[in-house]
Structures are given as C-alpha cells and as structure tokens.
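Undergrad: If you scroll down you'll find the structure; I have some questions about it.
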Amino acid sequence: MKLVIGLGNPGKEYERTRHNVGFMVVEELARRQGVVFKKMFWLPARQAKCRIGEHEVRLVMPTTYMNRSGKAVWGAMKKWRVEAADTVVVFDDVDVEFGGVRVRAKGSGGSHNGMKSVLEWLQTQAFPRVRVGIGPKPADADMIAFVLGGFAAEELLKLEKVVERAADAVETIFSAGTERAMNEFNRLQIG
C-alpha cells in the first residue's frame with residue numbers, strides 16, 4: 001500500500017489558488033485512474049483508492065486546512081499502516097519557479113506551513129515529496145495573499161501541463177523509484 005497526499009485547503013474559495021496545487025495533482029491522478037474522492041468520517045480528509053502500476057494506492061486530500069495537514073497525513077498512515085517511505089506528499093512551493101517540479105527523497109519543510117505540520121506530526125523527514133513551483137513571489141506581495149491568490153492569466157495557460165508533469169513525477173516514483181524521478185523531473189521546467 002502506498003499513499004499520495006496532496007496538500008491544500010478545503011472549500012470552493014480555495015479551489016484554483018496557488019496553495020491548492022497539491023490537491024490539483026492528486027485530482028489529476030484520480031482522473032487518470034477513473035476514481036472519485038469520498039469523504040472520510042474517521043479522518044479529516046477525502047480519499048480515493050486506485051492502482052498505480054503494481055501498487056495499491058490511496059490518494060488523500062486533507063480537509064484540515066493547510067497549516068494543520070499533519071494530523072490527516074499521520075492519521076492516514078496509521079489507518080492503512082503505511083510507512084513514511086511509502087508516502088508521497090505533493091505541495092506548492094514558492095521557492096520553485098512556476099512550471100518547475102522538484103522531487104526530493106527527504107528534507108525540511110522550508111517556509112511551507114503545511115509541510116512543517118506534516119514534519120511535526122510524522123517526526124521524520126524521510127519521505128518522498130513532489131514540490132510544484134508557484135514562485136517567485138513578487139517582492140512587494142504579501143506571502144499569504146500570494147499563495148491564497150489565483151494564478152495569473154499566463155500561468156493558467158500552463159497550469160494543466162504543470163499539474164500533469166507533477167502527476168507524472170508521482171507515477172515515476174512508484175514505477176522507477178525516487179532517485180529516477182529526481183533525475184527525470186528536477187532539471188525540466190515548463191516555460
């Protein structure tokens with residue numbers, strides 16, 4: 001069993017914002033597999049069950065709001081008895097230029113409060129993650145307003161391809177391993 005957790009905020013007002021790109025990626029994976037998300041009653045999340053390659057996978061979207069994502073990630077891992085190494089977290093990253101997808105095997109949460117929550121709950125940095133670039137933040141922009149804001153018109157033209165590439169990166173992690181996904185995706189940029 002593997003988990004793919006997309007970080008984001010629940011609610012219509014956040015659907016197409018920069019901070020919800022993690023949700024967009026797991027929704028793309030669900031679309032590819034022909035599955036739909038269902039509300040979970042014992043955990044603050046929505047989930048869909050599918051197969052990616054030879055792996056049984058649970059796609060998870062926490063409904064805790066971004067800054068409290070760790071509770072849902074930890075709960076999903078405990079419920080399905082999934083180790084950190086078999087859990088892929090997908091999230092937006094303001095430190096990666098828009099169009100970039102960066103795969104990492106481990107690491108800190110950087111300035112991302114959702115990832116800080118995940119790391120606090122899991123007490124380990126050793127899990128793969130897919131960082132989807134939404135940056136750079138304009139120097140005069142407020143960080144919260146920027147990440148909770150919608151994409152610029154020119155970004156919207158490329159957004160679908162960016163989400164597809166991030167979903168491809170997740171599938172590559174499962175089919176060929178995290179190192180191969182890093183080699184394949186970390187140097188390419190949609191521009």
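Every chain in the structure tokens takes a letter, A first, then B, and so on in the order presented; its residues are numbered from 1, and the ligands are numbered from 1 following the presented order.
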So that I can see what lies close to Arg165 in chain A, please list as a compact mmCIF listing (two decimals) with N, CA, C and O atoms, in the first residue's frame the residues with an atom at most 12 Å from it, counting only C-alpha atoms and leaving out residues fewer than 2 positions away in the same chain.

TA:
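Written file, around_31.txt:
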```txt
# COMPACT_ATOMS: atom_id res chain seq x y z
N MET A 24 -4.72 19.65 -6.78
CA MET A 24 -4.88 19.51 -8.23
C MET A 24 -4.13 18.28 -8.76
O MET A 24 -4.62 17.59 -9.65
N VAL A 25 -2.96 18.02 -8.21
CA VAL A 25 -2.15 16.89 -8.67
C VAL A 25 -2.82 15.56 -8.30
O VAL A 25 -2.92 14.67 -9.14
N VAL A 26 -3.31 15.43 -7.06
CA VAL A 26 -3.96 14.16 -6.71
C VAL A 26 -5.29 14.00 -7.45
O VAL A 26 -5.69 12.88 -7.78
N GLU A 28 -5.69 14.99 -10.51
CA GLU A 28 -5.26 14.52 -11.83
C GLU A 28 -4.95 13.02 -11.79
O GLU A 28 -5.32 12.28 -12.70
N LEU A 29 -4.32 12.55 -10.74
CA LEU A 29 -4.06 11.12 -10.60
C LEU A 29 -5.37 10.34 -10.51
O LEU A 29 -5.52 9.28 -11.13
N GLY A 99 6.15 26.38 -12.97
CA GLY A 99 6.45 25.46 -14.05
C GLY A 99 7.45 24.39 -13.65
O GLY A 99 7.57 23.37 -14.31
N GLY A 100 8.14 24.61 -12.54
CA GLY A 100 9.12 23.64 -12.08
C GLY A 100 8.48 22.57 -11.20
O GLY A 100 7.55 22.84 -10.45
N VAL A 101 8.97 21.36 -11.31
CA VAL A 101 8.57 20.26 -10.45
C VAL A 101 9.85 19.70 -9.85
O VAL A 101 10.79 19.39 -10.58
N ARG A 102 9.91 19.62 -8.53
CA ARG A 102 11.11 19.13 -7.86
C ARG A 102 10.74 17.94 -6.99
O ARG A 102 9.86 18.04 -6.13
N VAL A 103 11.42 16.84 -7.20
CA VAL A 103 11.21 15.63 -6.42
C VAL A 103 12.36 15.54 -5.41
O VAL A 103 13.51 15.76 -5.77
N VAL A 130 6.89 15.81 -3.72
CA VAL A 130 6.90 16.46 -5.03
C VAL A 130 6.51 17.91 -4.79
O VAL A 130 5.40 18.21 -4.36
N ARG A 131 7.46 18.79 -5.05
CA ARG A 131 7.26 20.23 -4.87
C ARG A 131 6.89 20.82 -6.23
O ARG A 131 7.63 20.65 -7.20
N VAL A 132 5.77 21.52 -6.28
CA VAL A 132 5.28 22.10 -7.52
C VAL A 132 5.47 23.61 -7.44
O VAL A 132 4.93 24.27 -6.55
N GLY A 133 6.27 24.16 -8.36
CA GLY A 133 6.63 25.57 -8.31
C GLY A 133 5.46 26.51 -8.57
O GLY A 133 4.75 26.36 -9.56
N LYS A 158 -0.48 27.51 -18.67
CA LYS A 158 0.50 26.43 -18.48
C LYS A 158 0.15 25.49 -17.33
O LYS A 158 0.76 24.44 -17.19
N LEU A 159 -0.84 25.88 -16.52
CA LEU A 159 -1.13 25.16 -15.28
C LEU A 159 -1.44 23.68 -15.51
O LEU A 159 -0.94 22.81 -14.80
N GLU A 160 -2.24 23.37 -16.50
CA GLU A 160 -2.61 21.98 -16.76
C GLU A 160 -1.37 21.13 -17.02
O GLU A 160 -1.25 20.01 -16.50
N LYS A 161 -0.44 21.65 -17.81
CA LYS A 161 0.80 20.90 -18.11
C LYS A 161 1.65 20.71 -16.86
O LYS A 161 2.27 19.67 -16.67
N VAL A 162 1.69 21.75 -16.01
CA VAL A 162 2.47 21.65 -14.77
C VAL A 162 1.89 20.56 -13.87
O VAL A 162 2.62 19.72 -13.34
N VAL A 163 0.57 20.55 -13.72
CA VAL A 163 -0.10 19.54 -12.89
C VAL A 163 0.11 18.15 -13.47
O VAL A 163 0.39 17.19 -12.74
N ALA A 167 2.00 14.97 -11.64
CA ALA A 167 1.38 13.65 -11.54
C ALA A 167 2.28 12.59 -12.18
O ALA A 167 2.42 11.48 -11.64
N ASP A 168 2.91 12.93 -13.30
CA ASP A 168 3.88 12.02 -13.92
C ASP A 168 5.02 11.70 -12.95
O ASP A 168 5.50 10.56 -12.88
N ALA A 169 5.46 12.70 -12.21
CA ALA A 169 6.56 12.51 -11.25
C ALA A 169 6.15 11.52 -10.16
O ALA A 169 6.94 10.64 -9.79
N VAL A 170 4.92 11.64 -9.66
CA VAL A 170 4.43 10.69 -8.65
C VAL A 170 4.42 9.28 -9.22
O VAL A 170 4.90 8.33 -8.58
N GLU A 171 3.88 9.13 -10.42
CA GLU A 171 3.84 7.80 -11.05
C GLU A 171 5.24 7.23 -11.24
O GLU A 171 5.46 6.03 -11.06
N THR A 172 6.20 8.09 -11.57
CA THR A 172 7.58 7.64 -11.76
C THR A 172 8.20 7.19 -10.44
O THR A 172 8.96 6.22 -10.40
N ALA A 181 13.02 9.49 -10.46
CA ALA A 181 12.10 10.63 -10.62
C ALA A 181 12.85 11.95 -10.45
O ALA A 181 12.61 12.91 -11.19
N GLU A 184 14.81 12.61 -13.62
CA GLU A 184 13.97 12.89 -14.78
C GLU A 184 13.26 14.23 -14.71
O GLU A 184 13.12 14.92 -15.72
N PHE A 185 12.81 14.63 -13.51
CA PHE A 185 11.93 15.80 -13.41
C PHE A 185 12.61 17.06 -12.87
O PHE A 185 12.16 18.16 -13.16
N ASN A 186 13.67 16.93 -12.09
CA ASN A 186 14.21 18.11 -11.42
C ASN A 186 14.90 19.09 -12.35
O ASN A 186 15.05 20.26 -12.02
N LEU A 188 13.90 19.71 -15.62
CA LEU A 188 12.99 20.24 -16.64
C LEU A 188 12.09 21.32 -16.06
O LEU A 188 11.73 21.28 -14.90
N GLN A 189 11.71 22.25 -16.89
CA GLN A 189 10.85 23.35 -16.48
C GLN A 189 9.89 23.63 -17.63
O GLN A 189 10.28 23.66 -18.78
N ILE A 190 8.63 23.86 -17.28
CA ILE A 190 7.66 24.28 -18.30
C ILE A 190 7.74 25.78 -18.39
O ILE A 190 7.48 26.48 -17.42
```

Undergrad: Please run DSSP on the backbone and report, as JSON, numbers by chain, all residues within range 51-103 of chain A that come out as strand (DSSP E).

TA: {"A": [51, 52, 55, 56, 57, 58, 59, 60, 61, 62, 87, 88, 89, 90, 91, 92, 93, 94, 95, 96, 97, 101, 102, 103]}

Undergrad: Identify, on the basis of only C-alpha atoms, every residue whose closest approach to Val90 in chain A does not exceed 7 Å; exclude the query and any residue fewer than 3 positions from it along the same chain; express the result as a list in words.

TA: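 In the requested form, the answer reads Ile5, Gly6, Leu7, Gly22, Arg129, Val130 and Arg131 of chain A.
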
Undergrad: Based on the selection just made, write N, CA, C and O atoms of those residues as a compact mmCIF listing (two decimals), in the first residue's frame.

TA:
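Saved file result.txt follows:
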```
# COMPACT_ATOMS: atom_id res chain seq x y z
N ILE A 5 -0.45 12.06 -0.76
CA ILE A 5 -1.17 13.11 -0.05
C ILE A 5 -0.95 14.42 -0.78
O ILE A 5 0.18 14.88 -0.92
N GLY A 6 -2.03 15.03 -1.24
CA GLY A 6 -1.95 16.36 -1.83
C GLY A 6 -2.33 17.39 -0.79
O GLY A 6 -3.38 17.25 -0.15
N LEU A 7 -1.49 18.38 -0.56
CA LEU A 7 -1.80 19.40 0.43
C LEU A 7 -2.57 20.55 -0.21
O LEU A 7 -2.30 20.92 -1.35
N GLY A 22 -1.33 21.04 -4.74
CA GLY A 22 -1.21 19.66 -4.28
C GLY A 22 -2.51 18.90 -4.49
O GLY A 22 -2.51 17.73 -4.92
N ARG A 129 8.74 13.60 -1.59
CA ARG A 129 7.80 14.71 -1.80
C ARG A 129 7.99 15.27 -3.20
O ARG A 129 9.08 15.19 -3.78
N VAL A 130 6.89 15.81 -3.72
CA VAL A 130 6.90 16.46 -5.03
C VAL A 130 6.51 17.91 -4.79
O VAL A 130 5.40 18.21 -4.36
N ARG A 131 7.46 18.79 -5.05
CA ARG A 131 7.26 20.23 -4.87
C ARG A 131 6.89 20.82 -6.23
O ARG A 131 7.63 20.65 -7.20
```

Undergrad: Show me, as a ChimeraX atom specification, the residues that have an atom within 10 Å of Lys39 in chain A when counting only C-alpha atoms, minus same-chain residues fewer than 5 positions from it.

TA: /A:44-48,60-63

Undergrad: Between A:Ala139, A:Leu119, A:Ala152, A:Ile173, which residue has the minimum interatomic distance to Arg68 in chain A, considering only C-alpha atoms?

TA: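 Under the stated criterion, the closest residue is A:Leu119.
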
Undergrad: Mind pulling up the distance from CA of Ser175 in chain A to CA of Val82 in chain A?

TA: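 Going from CA of Val82 in chain A over to CA of Ser175 in chain A covers 17.6 Å.
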
Undergrad: With distances taken over only C-alpha atoms, which of A:Trp74, A:Arg187, A:Asp142, A:Ala30 is nearest to Val96 in chain A?

TA: A:Arg187

Undergrad: Give me the residues within 12 Å of Ser111 in chain A as a list of chain:residue names, counting only C-alpha atoms and dropping any in the same chain fewer than 3 places off.

TA: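 After dropping sequence-adjacent residues, the list is A:Asn67, A:Phe91, A:Asp92, A:Asp93, A:Val94, A:Asp95, A:Val96, A:Ser108, A:Gly114, A:Met115, A:Lys116, A:Ser117, A:Met143, A:Ile144, A:Val147.
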
Undergrad: When you draw a straight line from CA of Asp86 in chain A to CA of Lys2 in chain A, how long is it in Å?

TA: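 Taking CA of Asp86 in chain A and CA of Lys2 in chain A, their separation equals 5.1 Å.
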
Undergrad: Once DSSP has gone over the backbone, tell me which residues of range 19-179 of chain A are in helix (DSSP H, G or I), as a ChimeraX atom specification.

TA: /A:19-33,66-80,84-86,113-122,143-147,153-176,178-179

Undergrad: For Arg58 in chain A, which residue out of A:Gly150, A:Asn20, A:Val4, A:Met40 is the nearest one, using only C-alpha atoms?

TA: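 Ranked by minimum distance to Arg58 in chain A, first place goes to A:Val4.
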